[in-house]
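Listing of input14.cif; format and content: mmCIF, C-alpha atoms.
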data_structure
loop_
_atom_site.label_atom_id
_atom_site.label_comp_id
_atom_site.auth_asym_id
_atom_site.auth_seq_id
_atom_site.Cartn_x
_atom_site.Cartn_y
_atom_site.Cartn_z
CA MET A 2 16.83 -18.55 2.26
CA LYS A 3 13.99 -16.08 1.84
CA THR A 4 13.38 -14.10 -1.35
CA GLU A 5 14.11 -10.40 -0.84
CA ILE A 6 11.37 -8.06 -2.08
CA VAL A 7 11.90 -4.31 -1.91
CA ILE A 8 8.84 -2.10 -2.40
CA ILE A 9 9.36 1.61 -3.00
CA GLY A 10 6.30 3.59 -1.95
CA GLY A 11 3.72 2.98 0.78
CA GLY A 12 0.61 4.31 -0.94
CA PHE A 13 -2.43 2.26 -1.86
CA ALA A 14 -0.54 -0.03 -4.25
CA GLY A 15 2.59 -0.62 -2.18
CA LEU A 16 0.81 -1.11 1.13
CA ASN A 17 -1.76 -3.49 -0.33
CA LEU A 18 1.08 -5.55 -1.81
CA VAL A 19 2.73 -5.67 1.63
CA LYS A 20 -0.51 -6.76 3.31
CA HIS A 21 -0.98 -9.66 0.88
CA LEU A 22 2.63 -10.80 1.29
CA ALA A 23 2.61 -10.52 5.08
CA GLU A 24 1.69 -14.17 5.61
CA ALA A 25 3.90 -15.54 2.83
CA GLY A 26 6.76 -17.09 4.77
CA HIS A 27 9.04 -17.48 1.74
CA PHE A 28 9.51 -13.70 1.38
CA HIS A 29 11.34 -11.02 3.32
CA VAL A 30 9.71 -7.70 2.42
CA THR A 31 11.12 -4.21 2.95
CA LEU A 32 8.84 -1.23 2.38
CA VAL A 33 10.64 2.04 1.64
CA ASP A 34 8.95 5.43 1.88
CA LEU A 35 10.00 9.05 2.24
CA HIS A 36 7.50 9.36 5.11
CA ASN A 37 7.02 7.04 8.07
CA TYR A 38 3.25 6.93 7.65
CA HIS A 39 0.59 5.80 5.20
CA LEU A 40 -1.57 8.62 3.82
CA PHE A 41 -5.17 8.57 2.56
CA PRO A 42 -4.99 11.26 -0.18
CA PRO A 43 -8.72 11.51 -1.07
CA LEU A 44 -9.34 13.40 2.18
CA LEU A 45 -6.35 15.74 2.01
CA TYR A 46 -8.55 18.66 1.00
CA GLN A 47 -10.45 18.31 4.32
CA VAL A 48 -7.17 18.67 6.21
CA ALA A 49 -6.35 21.73 4.09
CA THR A 50 -9.71 23.33 4.95
CA GLY A 51 -9.59 22.49 8.66
CA PHE A 52 -12.35 19.85 8.75
CA LEU A 53 -10.02 16.96 9.57
CA ASP A 54 -6.77 16.68 11.47
CA ALA A 55 -3.76 15.19 9.69
CA SER A 56 -3.79 12.26 12.14
CA ASN A 57 -7.28 11.31 10.87
CA ILE A 58 -5.91 10.27 7.47
CA THR A 59 -2.42 8.99 8.34
CA TYR A 60 -1.06 6.00 10.27
CA PRO A 61 2.55 4.96 11.07
CA PHE A 62 3.92 2.10 8.97
CA ARG A 63 5.82 0.57 11.88
CA LYS A 64 2.67 0.34 13.97
CA LEU A 65 0.85 -1.27 11.05
CA PHE A 66 3.57 -3.91 10.82
CA HIS A 67 3.41 -5.04 14.47
CA GLY A 68 3.56 -8.82 14.55
CA LYS A 69 4.53 -9.13 10.87
CA GLU A 70 7.86 -10.94 11.23
CA ASN A 71 8.76 -10.90 7.53
CA ILE A 72 7.99 -7.19 6.99
CA ARG A 73 10.42 -4.34 7.59
CA PHE A 74 10.22 -0.59 7.02
CA ARG A 75 13.01 1.71 5.80
CA LEU A 76 12.71 5.50 5.81
CA GLY A 77 14.35 6.96 2.75
CA LYS A 78 14.06 8.28 -0.79
CA LEU A 79 14.95 6.27 -3.88
CA GLN A 80 17.91 7.87 -5.62
CA LYS A 81 19.11 5.23 -8.08
CA VAL A 82 18.21 1.75 -9.34
CA MET A 83 21.13 -0.60 -10.06
CA PRO A 84 19.53 -3.45 -12.07
CA GLU A 85 22.80 -5.27 -12.80
CA ASP A 86 23.70 -5.40 -9.12
CA HIS A 87 20.11 -6.04 -7.97
CA LYS A 88 20.33 -3.10 -5.58
CA VAL A 89 18.71 0.25 -4.97
CA LEU A 90 20.48 3.32 -3.64
CA LEU A 91 18.42 5.23 -1.10
CA SER A 92 19.09 8.49 0.69
CA THR A 93 19.64 6.24 3.73
CA GLY A 94 21.87 3.58 2.19
CA GLU A 95 21.69 0.59 -0.17
CA LEU A 96 19.26 -2.30 -0.26
CA PRO A 97 19.69 -5.57 -2.20
CA TYR A 98 16.66 -7.20 -3.82
CA ASP A 99 15.54 -10.28 -5.68
CA TYR A 100 12.43 -8.45 -6.82
CA LEU A 101 12.00 -4.67 -6.90
CA VAL A 102 8.53 -3.11 -6.98
CA LEU A 103 8.12 0.58 -7.80
CA ALA A 104 4.90 1.99 -6.35
CA THR A 105 5.93 5.61 -6.06
CA GLY A 106 2.70 7.25 -7.25
CA THR A 107 2.80 10.69 -8.84
CA GLU A 108 3.86 14.22 -8.11
CA THR A 109 2.38 17.57 -9.15
CA ASN A 110 2.92 18.49 -12.79
CA TYR A 111 3.45 22.21 -13.42
CA PHE A 112 3.99 21.70 -17.17
CA GLY A 113 7.26 23.59 -17.08
CA MET A 114 5.75 26.79 -15.62
CA GLU A 115 8.36 27.78 -13.07
CA ASN A 116 6.45 30.74 -11.59
CA ILE A 117 3.51 28.48 -10.82
CA ARG A 118 5.76 25.83 -9.32
CA ARG A 119 7.19 28.43 -6.94
CA ALA A 120 4.00 30.23 -5.94
CA ALA A 121 0.97 27.97 -6.40
CA LEU A 122 -0.47 25.72 -3.68
CA PRO A 123 -0.39 22.02 -4.65
CA MET A 124 -2.22 19.26 -2.77
CA LYS A 125 -0.31 15.98 -2.90
CA THR A 126 1.08 15.55 0.63
CA VAL A 127 0.19 16.21 4.27
CA ASP A 128 2.76 19.00 4.26
CA ASP A 129 0.92 20.59 1.32
CA ALA A 130 -2.42 20.38 3.10
CA ILE A 131 -1.10 21.91 6.32
CA GLU A 132 0.68 24.64 4.38
CA ILE A 133 -2.58 25.46 2.58
CA ARG A 134 -4.47 25.65 5.87
CA ASN A 135 -1.83 27.91 7.41
CA TYR A 136 -1.61 30.08 4.30
CA MET A 137 -5.38 30.54 3.94
CA LEU A 138 -5.84 31.40 7.61
CA GLN A 139 -2.93 33.81 7.52
CA LYS A 140 -4.39 35.60 4.50
CA MET A 141 -7.76 35.93 6.22
CA GLU A 142 -6.03 37.47 9.25
CA GLU A 143 -4.29 39.92 6.94
CA ALA A 144 -7.62 40.79 5.38
CA THR A 145 -9.02 41.84 8.78
CA ILE A 146 -6.41 44.59 8.96
CA ASP A 147 -7.18 47.87 7.23
CA LEU A 148 -5.75 47.28 3.76
CA ASP A 149 -5.93 49.16 0.49
CA GLU A 150 -8.55 48.00 -2.00
CA THR A 151 -6.01 46.43 -4.38
CA LYS A 152 -4.64 44.07 -1.74
CA LYS A 153 -8.12 43.21 -0.47
CA LYS A 154 -9.16 42.28 -4.00
CA LYS A 155 -6.20 39.88 -4.27
CA LEU A 156 -6.94 38.33 -0.87
CA PHE A 157 -10.61 37.91 -1.72
CA SER A 158 -10.09 36.07 -4.98
CA VAL A 159 -9.25 32.35 -4.98
CA VAL A 160 -8.32 30.57 -8.21
CA ILE A 161 -8.42 26.76 -8.41
CA ALA A 162 -6.74 25.38 -11.53
CA GLY A 163 -7.99 21.89 -12.42
CA GLY A 164 -11.57 20.67 -12.71
CA GLY A 165 -11.04 17.07 -11.64
CA PRO A 166 -12.37 15.61 -8.36
CA THR A 167 -9.81 17.45 -6.20
CA GLY A 168 -10.52 20.83 -7.79
CA VAL A 169 -14.28 20.34 -7.56
CA GLU A 170 -14.05 19.23 -3.91
CA ILE A 171 -11.87 22.19 -2.90
CA ALA A 172 -14.15 24.65 -4.70
CA GLY A 173 -17.25 23.22 -3.04
CA MET A 174 -15.69 23.19 0.43
CA LEU A 175 -14.43 26.77 0.13
CA ALA A 176 -17.83 27.94 -1.11
CA GLU A 177 -19.55 26.37 1.89
CA MET A 178 -17.02 27.87 4.28
CA ARG A 179 -17.51 31.28 2.71
CA ASN A 180 -21.27 31.00 3.08
CA THR A 181 -21.44 29.55 6.62
CA ILE A 182 -18.18 30.12 8.52
CA LEU A 183 -16.27 33.14 7.20
CA HIS A 184 -18.23 35.94 8.83
CA ARG A 185 -18.59 34.09 12.15
CA ASP A 186 -14.81 33.70 12.37
CA TYR A 187 -14.04 37.13 10.92
CA PRO A 188 -16.77 39.66 11.81
CA GLU A 189 -14.42 42.38 10.54
CA LEU A 190 -15.12 41.08 7.03
CA ILE A 191 -18.92 41.24 7.11
CA GLY A 192 -20.06 42.73 3.83
CA LEU A 193 -17.16 41.24 1.87
CA GLN A 194 -17.54 38.02 -0.14
CA PRO A 195 -14.51 36.21 -1.57
CA ARG A 196 -14.77 35.19 -5.22
CA ILE A 197 -13.94 31.56 -5.99
CA TYR A 198 -12.88 30.68 -9.52
CA LEU A 199 -12.60 27.10 -10.79
CA VAL A 200 -10.82 26.93 -14.15
CA ASP A 201 -10.07 24.01 -16.44
CA GLY A 202 -8.66 23.64 -19.93
CA SER A 203 -11.27 21.10 -21.04
CA SER A 204 -14.91 21.68 -21.92
CA THR A 205 -16.28 19.93 -18.81
CA LEU A 206 -15.63 19.37 -15.13
CA LEU A 207 -14.96 15.81 -13.92
CA SER A 208 -13.94 14.76 -17.43
CA ALA A 209 -13.51 11.09 -16.41
CA MET A 210 -17.11 10.81 -15.18
CA SER A 211 -20.46 10.57 -16.97
CA GLU A 212 -22.15 13.51 -18.65
CA PRO A 213 -24.93 13.71 -16.00
CA SER A 214 -22.27 13.90 -13.27
CA GLN A 215 -20.42 16.63 -15.14
CA LYS A 216 -23.56 18.72 -15.63
CA TYR A 217 -24.71 18.25 -12.03
CA ALA A 218 -21.33 19.26 -10.60
CA HIS A 219 -21.21 22.34 -12.85
CA ALA A 220 -24.75 23.40 -11.91
CA MET A 221 -24.29 22.86 -8.16
CA LEU A 222 -21.01 24.75 -8.00
CA ARG A 223 -22.49 27.70 -9.84
CA LYS A 224 -25.48 27.62 -7.49
CA MET A 225 -23.04 27.74 -4.56
CA GLY A 226 -21.44 30.84 -6.01
CA VAL A 227 -18.35 29.33 -7.66
CA GLU A 228 -17.39 30.99 -10.94
CA VAL A 229 -16.60 28.11 -13.32
CA ARG A 230 -14.49 28.87 -16.38
CA LEU A 231 -14.01 26.03 -18.84
CA ASN A 232 -11.81 25.89 -21.95
CA THR A 233 -9.47 28.12 -19.95
CA GLN A 234 -5.79 27.27 -19.58
CA VAL A 235 -3.38 28.91 -17.17
CA LYS A 236 -0.29 30.33 -18.88
CA ASP A 237 1.60 31.99 -16.02
CA TYR A 238 1.39 33.54 -12.56
CA VAL A 239 3.21 36.86 -12.26
CA ASN A 240 2.95 39.57 -9.59
CA ASP A 241 -0.12 38.03 -7.97
CA MET A 242 -1.84 37.73 -11.34
CA VAL A 243 -3.00 34.50 -12.99
CA ILE A 244 -2.53 34.85 -16.75
CA PHE A 245 -4.57 32.68 -19.11
CA THR A 246 -3.75 31.65 -22.67
CA ASP A 247 -6.63 33.79 -24.01
CA GLY A 248 -5.02 36.90 -22.51
CA LYS A 249 -7.48 37.29 -19.62
CA THR A 250 -6.21 37.65 -16.04
CA ILE A 251 -7.34 37.32 -12.42
CA GLU A 252 -5.60 39.08 -9.56
CA THR A 253 -5.14 36.80 -6.56
CA LYS A 254 -2.72 35.80 -3.84
CA ILE A 255 -4.28 32.32 -3.60
CA LEU A 256 -3.78 29.90 -6.50
CA PHE A 257 -4.52 26.21 -5.96
CA TRP A 258 -2.88 23.90 -8.48
CA THR A 259 -4.67 20.58 -9.11
CA ALA A 260 -4.29 20.63 -12.89
CA GLY A 261 -2.09 17.61 -13.46
CA VAL A 262 0.31 14.97 -12.20
CA THR A 263 3.38 13.20 -13.51
CA SER A 264 5.41 10.21 -12.41
CA ARG A 265 9.05 10.32 -11.36
CA VAL A 266 12.01 9.29 -13.51
CA PHE A 267 14.59 7.16 -11.70
CA GLU A 268 18.29 7.05 -12.44
CA GLY A 269 19.29 3.60 -13.61
CA MET A 270 15.99 2.65 -15.23
CA PRO A 271 16.14 2.16 -19.05
CA LYS A 272 14.76 5.07 -21.06
CA GLU A 273 12.61 2.69 -23.10
CA SER A 274 10.82 1.70 -19.91
CA TYR A 275 8.98 5.04 -19.75
CA GLY A 276 5.75 6.01 -21.48
CA SER A 277 3.51 9.08 -21.39
CA GLY A 278 3.53 11.09 -18.18
CA ASN A 279 6.79 9.32 -17.21
CA ARG A 280 4.74 6.24 -16.29
CA LEU A 281 6.64 2.94 -16.40
CA LEU A 282 5.54 0.63 -19.22
CA THR A 283 4.76 -2.88 -18.01
CA ASP A 284 3.56 -6.19 -19.39
CA GLU A 285 0.28 -7.80 -18.32
CA TYR A 286 1.91 -9.00 -15.09
CA ASN A 287 3.16 -5.50 -14.12
CA LYS A 288 6.79 -6.33 -14.96
CA VAL A 289 8.59 -3.25 -16.29
CA VAL A 290 9.50 -3.42 -19.97
CA GLY A 291 13.23 -3.96 -20.50
CA THR A 292 13.86 -5.46 -17.04
CA ARG A 293 13.96 -8.97 -15.58
CA ASN A 294 12.85 -8.57 -11.98
CA ILE A 295 11.48 -5.02 -11.61
CA TYR A 296 7.75 -4.37 -11.34
CA ALA A 297 5.61 -1.22 -11.25
CA ILE A 298 2.12 -0.86 -9.78
CA GLY A 299 -0.30 1.96 -9.08
CA ASP A 300 -0.20 5.45 -10.56
CA THR A 301 3.38 5.10 -11.79
CA CYS A 302 2.47 2.07 -13.93
CA LEU A 303 1.29 2.15 -17.57
CA LEU A 304 -0.17 -1.25 -18.45
CA THR A 305 -1.80 -1.35 -21.90
CA SER A 306 -2.58 -5.08 -22.28
CA ASP A 307 -5.94 -4.84 -20.48
CA ARG A 308 -8.40 -4.92 -23.40
CA ASN A 309 -10.82 -2.62 -21.60
CA PHE A 310 -8.09 -0.01 -21.03
CA PRO A 311 -5.81 -0.10 -24.11
CA HIS A 312 -4.31 3.31 -23.26
CA GLY A 313 -3.59 2.45 -19.65
CA HIS A 314 -5.65 2.55 -16.48
CA PRO A 315 -6.94 5.68 -14.75
CA GLN A 316 -4.75 6.78 -11.88
CA LEU A 317 -7.22 5.80 -9.17
CA ALA A 318 -6.96 4.15 -5.77
CA GLN A 319 -8.94 1.11 -6.88
CA VAL A 320 -6.49 0.38 -9.71
CA ALA A 321 -3.57 0.61 -7.29
CA LEU A 322 -5.23 -1.66 -4.72
CA GLN A 323 -6.10 -4.30 -7.29
CA GLN A 324 -2.64 -4.25 -8.85
CA GLY A 325 -1.03 -4.69 -5.44
CA GLU A 326 -3.21 -7.70 -4.70
CA ASN A 327 -2.69 -9.27 -8.14
CA LEU A 328 1.09 -8.86 -8.02
CA ALA A 329 1.22 -10.43 -4.55
CA ALA A 330 -0.67 -13.47 -5.85
CA ASN A 331 1.68 -13.74 -8.84
CA LEU A 332 4.83 -13.48 -6.71
CA ILE A 333 3.54 -16.32 -4.55
CA THR A 334 2.57 -18.32 -7.66
CA MET A 335 6.07 -17.93 -9.11
CA LEU A 336 7.46 -19.89 -6.17
CA HIS A 337 5.52 -22.91 -7.39
CA ASP A 338 6.18 -22.44 -11.14
CA GLN A 339 2.48 -22.09 -11.85
CA PRO A 340 0.81 -19.88 -14.52
CA LEU A 341 0.56 -16.20 -13.64
CA THR A 342 -2.63 -14.14 -13.72
CA PRO A 343 -2.64 -11.13 -16.06
CA PHE A 344 -3.94 -7.96 -14.49
CA ALA A 345 -7.47 -6.88 -15.47
CA TYR A 346 -9.08 -3.93 -13.75
CA HIS A 347 -12.56 -4.38 -12.31
CA ASP A 348 -14.10 -0.92 -12.35
CA LYS A 349 -16.20 -0.39 -9.22
CA GLY A 350 -17.31 3.10 -10.21
CA SER A 351 -16.41 6.72 -9.50
CA LEU A 352 -17.50 9.21 -6.86
CA ALA A 353 -17.01 12.93 -6.35
CA ILE A 354 -18.34 15.17 -3.58
CA ILE A 355 -19.34 18.77 -4.26
CA GLY A 356 -20.69 19.92 -0.91
CA ARG A 357 -23.11 19.16 1.89
CA ASN A 358 -25.71 16.70 0.55
CA LYS A 359 -24.26 17.14 -2.93
CA ALA A 360 -22.23 14.46 -4.72
CA VAL A 361 -22.19 12.36 -7.88
CA ALA A 362 -21.68 8.63 -8.40
CA ASP A 363 -21.20 6.53 -11.54
CA LEU A 364 -21.46 2.74 -11.40
CA PRO A 365 -20.28 0.81 -14.48
CA LYS A 366 -22.23 -2.46 -14.40
CA PRO A 367 -25.04 -1.91 -14.84
CA ALA A 368 -24.42 1.66 -16.00
CA VAL A 369 -26.07 3.67 -13.22
CA HIS A 370 -25.70 7.32 -12.31
CA PHE A 371 -27.06 8.95 -9.18
CA GLN A 372 -26.55 12.29 -7.51
CA GLY A 373 -27.49 14.46 -4.56
CA PHE A 374 -28.03 13.14 -1.03
CA VAL A 375 -27.80 9.42 -1.89
CA ALA A 376 -24.50 9.91 -3.71
CA TRP A 377 -23.26 12.07 -0.82
CA VAL A 378 -24.01 9.34 1.76
CA THR A 379 -22.38 6.76 -0.53
CA TRP A 380 -19.26 8.94 -0.80
CA LEU A 381 -19.09 9.26 3.00
CA PHE A 382 -19.37 5.52 3.63
CA VAL A 383 -16.94 4.51 0.86
CA HIS A 384 -14.26 6.92 2.07
CA LEU A 385 -14.86 6.19 5.74
CA PHE A 386 -14.44 2.44 5.33
CA SER A 387 -11.47 2.90 2.99
CA LEU A 388 -9.46 4.42 5.84
CA ILE A 389 -6.83 1.99 7.00
CA THR A 390 -7.63 1.53 10.71
CA TYR A 391 -10.58 1.70 13.09
CA ARG A 392 -8.87 4.57 14.88
CA ASN A 393 -8.80 6.65 11.68
CA ARG A 394 -12.45 5.84 11.01
CA LEU A 395 -13.64 6.77 14.48
CA MET A 396 -11.74 10.05 14.54
CA THR A 397 -12.96 10.95 11.06
CA VAL A 398 -16.61 10.15 11.68
CA ALA A 399 -16.48 12.17 14.92
CA ASN A 400 -15.14 15.21 13.07
CA TRP A 401 -17.68 14.77 10.29
CA ALA A 402 -20.53 14.54 12.80
CA VAL A 403 -19.47 17.81 14.45
CA ALA A 404 -19.18 19.49 11.05
CA PHE A 405 -22.58 18.20 9.92
CA PHE A 406 -24.56 19.30 12.96
CA THR A 407 -22.78 22.61 13.56
CA ARG A 408 -21.78 23.49 9.98
CA ASP A 409 -18.41 24.27 11.55
CA GLN A 410 -15.20 22.72 12.86
CA SER A 411 -12.61 23.74 15.43
CA LEU A 412 -9.40 22.75 13.63
CA ARG A 413 -8.56 26.11 12.07
CA MET A 414 -5.26 26.82 13.83
CA ILE A 415 -2.13 28.31 12.30
CA ILE A 416 0.57 25.90 13.44
CA ARG A 417 4.07 26.26 12.04
CA PRO A 418 6.87 24.06 13.41
CA ARG A 419 10.03 25.83 14.49
CA PRO A 420 12.74 25.65 11.78
CA HIS A 421 14.77 22.44 12.08
CA GLN A 422 18.13 22.99 13.79
CA HIS A 423 19.50 19.48 14.32
CA GLY A 424 20.74 18.52 10.88
CA LYS A 425 19.45 18.61 7.36
CA GLU A 426 16.09 17.12 6.51
CA ASN A 427 16.27 13.72 4.86
CA GLU A 428 15.73 14.35 1.16
#

As structure tokens, the full file:
Amino acid sequence: MKTEIVIIGGGFAGLNLVKHLAEAGHFHVTLVDLHNYHLFPPLLYQVATGFLDASNITYPFRKLFHGKENIRFRLGKLQKVMPEDHKVLLSTGELPYDYLVLATGTETNYFGMENIRRAALPMKTVDDAIEIRNYMLQKMEEATIDLDETKKKKLFSVVIAGGGPTGVEIAGMLAEMRNTILHRDYPELIGLQPRIYLVDGSSTLLSAMSEPSQKYAHAMLRKMGVEVRLNTQVKDYVNDMVIFTDGKTIETKILFWTAGVTSRVFEGMPKESYGSGNRLLTDEYNKVVGTRNIYAIGDTCLLTSDRNFPHGHPQLAQVALQQGENLAANLITMLHDQPLTPFAYHDKGSLAIIGRNKAVADLPKPAVHFQGFVAWVTWLFVHLFSLITYRNRLMTVANWAVAFFTRDQSLRMIIRPRPHQHGKENE
């Protein structure tokens, strides 16, 4: 009889675990996800700004699993874990397991600010990216109509909260679009220049990267016309006004929120299993503290036994991929009662893109930093070859080629699906 493994979440960690278990005949694996496709989040901002189509960075799970006889997919959302019964309750029914793996990633953290949760634009899902694209295009159409000066000021101010890679990438992309595309698409707005603000509560941008990378990103964004405000925390968003903790304000109808993430809390999991940011505490083999057969990998995992990362690993794709591979090897090893391999993260470096021919790269061993065109090309190749299928890569490189040679793209359409009428959406 095959060992039942249930994996919740088809991101980098969960899918890589599935791929490494696909040929292990002793297991029957069920992948559960709220969506029926795998997503490549690092390129979401290019969908939001109309430089890539959503199909460029997604791929259906069921198509990925063609020919994998021991792999199954279940559409659904985890509602409750029942450790004593070795079951999980999904929005689409129950599933029994011998081993449960939680690879659910993170969700946007609004730090308890309800007004921001309701009105800001997050960027965690394909739905978010498409909503941003629709919203931005709609606001530009509104701006072409004769409006009073107060409304125009709000439409022509964009605030991006969060100076990590996502915030920097959005700011750079919007600055380039403002400088090269805006007035070609909207000749009615010639003479008007939107103001782009990038704000962060820390003293630097890209706080996880090296000091040269931080300084280069700051300098390039300012050169591109982005107004960078550091040591600036958002307090609230009321009546189209971003309010900061120092009492200053910015009027805008467009607030991007990339300032933080948190993991989900699941009913049925012991309270002592959670650490900071609601991340699940695990031992060196990714087994969740206080459980016997439940594991956590990827962004939702907090593993502190790695001597190089005593406070836990950064929430990066490479960590998730490596944890998925290591756990797969350990699950196979357990069948043969052999020693397990503790997880140790091998840092391959960090990249962030700022704009055309502008990027930064940090490599850990040896400690090397480079920037500009070389880093930009490196970023392109790393992200292109990280996409999951050849189809995704070909479509993406085609769109990038058009954008590079024309400084434009033709994907700026406002597309809103008709409201669903055939039953409630699966929560």

Using the chain letters and numbers from the file, give me the residues hit by the PyMOL selection byres ((chain A and resi 217) around 12), as a PyMOL selection string. chain A and resi 169+205-207+210-216+218-224+353-356+359-362+370-373+376

Output of the PyMOL selection byres ((chain A and resi 366) around 12), listed as an MDAnalysis selection string: chainID A and resid 347:351 363:365 367:370

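Selection check: the PyMOL selection byres ((chain A and resi 285) around 9) on the shown file gives A:Thr283, A:Asp284, A:Tyr286, A:Asn287, A:Lys288, A:Leu304, A:Thr305, A:Ser306, A:Asp307, A:Thr342, A:Pro343, A:Phe344, A:Ala345.
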
The residue from A:Leu317, A:Val160, A:Val48, A:Leu18 with the smallest atom-to-atom distance to A:Asn400, counting all atoms listed in the file, is A:Val48

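Compared by their closest atoms to A:Asn240, and using only C-alpha atoms, the residues A:Leu91, A:Ile333, A:Gly163, A:Ala120 rank with A:Ala120 nearest.
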
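When atom CA of A:Gly26 is paired with atom CA of A:Thr59, their separation reads 27.9 Å.
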
Identify, on the basis of only C-alpha atoms, every residue whose closest approach to A:Glu326 does not exceed 12 Å; exclude the query and any residue fewer than 3 positions from it along the same chain; express the result as a PyMOL selection string. chain A and resi 13-23+286-287+298-299+319-323+329-333+342-346

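Residue nearest A:Glu132, chosen from A:Ala55, A:Lys236, A:Glu5, A:Ile295 and counting all atoms listed in the file: A:Ala55.
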
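Using only C-alpha atoms for every distance, the candidate list A:Glu108, A:Lys155, A:Lys88, A:Thr390 yields A:Thr390 as the residue closest to A:Phe62.
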
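Pairwise distance (atom CA of A:Asn57, atom CA of A:Met396) equals 5.9 Å.
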
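Among the candidates A:Lys254, A:Met141, A:Glu150, A:Met225, the residue lying nearest to A:Leu190 is A:Met141 (atoms considered: all atoms listed in the file).
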
Hey, could you make a per-residue contact list for stretch 268-307 of chain A against stretch 97-100 of chain A with 12 Å as the cut-off, showing the nearest pair of atoms and its distance in Å to one decimal, counting all atoms listed in the file, sorted by chain and number, as a Markdown table?
| residue | atom | partner | partner_atom | distance |
| --- | --- | --- | --- | --- |
| A:Lys288 | CA | A:Tyr100 | CA | 10.1 |
| A:Val289 | CA | A:Tyr100 | CA | 11.5 |
| A:Thr292 | CA | A:Tyr100 | CA | 10.7 |
| A:Arg293 | CA | A:Tyr100 | CA | 8.9 |
| A:Asn294 | CA | A:Tyr100 | CA | 5.2 |
| A:Ile295 | CA | A:Tyr100 | CA | 6.0 |
| A:Tyr296 | CA | A:Tyr100 | CA | 7.7 |
| A:Ala297 | CA | A:Tyr100 | CA | 10.9 |

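Candidate residues A:Ser274, A:Thr246, A:Asn309, A:Thr301 were compared for distance to A:Gln324, and the nearest is A:Thr301, using only C-alpha atoms.
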
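Going from atom CA of A:Val266 over to atom CA of A:Gly313, you cover 18.1 Å.
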
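The environment of A:Asp54 within 12 Å, counting only C-alpha atoms and disregarding residues fewer than 4 places along the same chain, consists of Leu44, Leu45, Tyr46, Gln47, Val48, Ala49, Thr50, Ile58, Thr59, Val127, Ala130, Ile131, Arg134, Asn393, Met396, Thr397, Val398, Ala399, Asn400, Trp401, Gln410, Ser411, Leu412, Arg413, Met414 and Ile416 of chain A.
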
May I ask you to restore N, CA and C atoms in stretch 14-25 of chain A and write the result as a PDB file, keeping the file's coordinate frame?
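File produced: result-v2.pdb:
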ATOM      1  N   ALA A  14      -1.076   1.139  -3.552  1.00  0.00           N
ATOM      2  CA  ALA A  14      -0.540  -0.030  -4.250  1.00  0.00           C
ATOM      3  C   ALA A  14       0.500  -0.753  -3.408  1.00  0.00           C
ATOM      4  N   GLY A  15       1.504  -0.007  -2.934  1.00  0.00           N
ATOM      5  CA  GLY A  15       2.590  -0.620  -2.180  1.00  0.00           C
ATOM      6  C   GLY A  15       2.128  -1.259  -0.896  1.00  0.00           C
ATOM      7  N   LEU A  16       1.254  -0.568  -0.159  1.00  0.00           N
ATOM      8  CA  LEU A  16       0.810  -1.110   1.130  1.00  0.00           C
ATOM      9  C   LEU A  16      -0.082  -2.326   0.933  1.00  0.00           C
ATOM     10  N   ASN A  17      -0.920  -2.324  -0.100  1.00  0.00           N
ATOM     11  CA  ASN A  17      -1.760  -3.490  -0.330  1.00  0.00           C
ATOM     12  C   ASN A  17      -0.933  -4.701  -0.739  1.00  0.00           C
ATOM     13  N   LEU A  18       0.150  -4.462  -1.478  1.00  0.00           N
ATOM     14  CA  LEU A  18       1.080  -5.550  -1.810  1.00  0.00           C
ATOM     15  C   LEU A  18       1.706  -6.109  -0.538  1.00  0.00           C
ATOM     16  N   VAL A  19       2.145  -5.232   0.349  1.00  0.00           N
ATOM     17  CA  VAL A  19       2.730  -5.670   1.630  1.00  0.00           C
ATOM     18  C   VAL A  19       1.737  -6.513   2.413  1.00  0.00           C
ATOM     19  N   LYS A  20       0.509  -6.051   2.523  1.00  0.00           N
ATOM     20  CA  LYS A  20      -0.510  -6.760   3.310  1.00  0.00           C
ATOM     21  C   LYS A  20      -0.753  -8.171   2.782  1.00  0.00           C
ATOM     22  N   HIS A  21      -0.718  -8.342   1.458  1.00  0.00           N
ATOM     23  CA  HIS A  21      -0.980  -9.660   0.880  1.00  0.00           C
ATOM     24  C   HIS A  21       0.249 -10.563   0.870  1.00  0.00           C
ATOM     25  N   LEU A  22       1.413  -9.979   1.167  1.00  0.00           N
ATOM     26  CA  LEU A  22       2.630 -10.800   1.290  1.00  0.00           C
ATOM     27  C   LEU A  22       2.988 -11.085   2.745  1.00  0.00           C
ATOM     28  N   ALA A  23       2.240 -10.456   3.661  1.00  0.00           N
ATOM     29  CA  ALA A  23       2.610 -10.520   5.080  1.00  0.00           C
ATOM     30  C   ALA A  23       2.617 -11.936   5.637  1.00  0.00           C
ATOM     31  N   GLU A  24       1.762 -12.800   5.099  1.00  0.00           N
ATOM     32  CA  GLU A  24       1.690 -14.170   5.610  1.00  0.00           C
ATOM     33  C   GLU A  24       2.462 -15.157   4.749  1.00  0.00           C
ATOM     34  N   ALA A  25       3.141 -14.652   3.716  1.00  0.00           N
ATOM     35  CA  ALA A  25       3.900 -15.540   2.830  1.00  0.00           C
ATOM     36  C   ALA A  25       5.295 -15.739   3.415  1.00  0.00           C
TER      37      ALA A  25
END
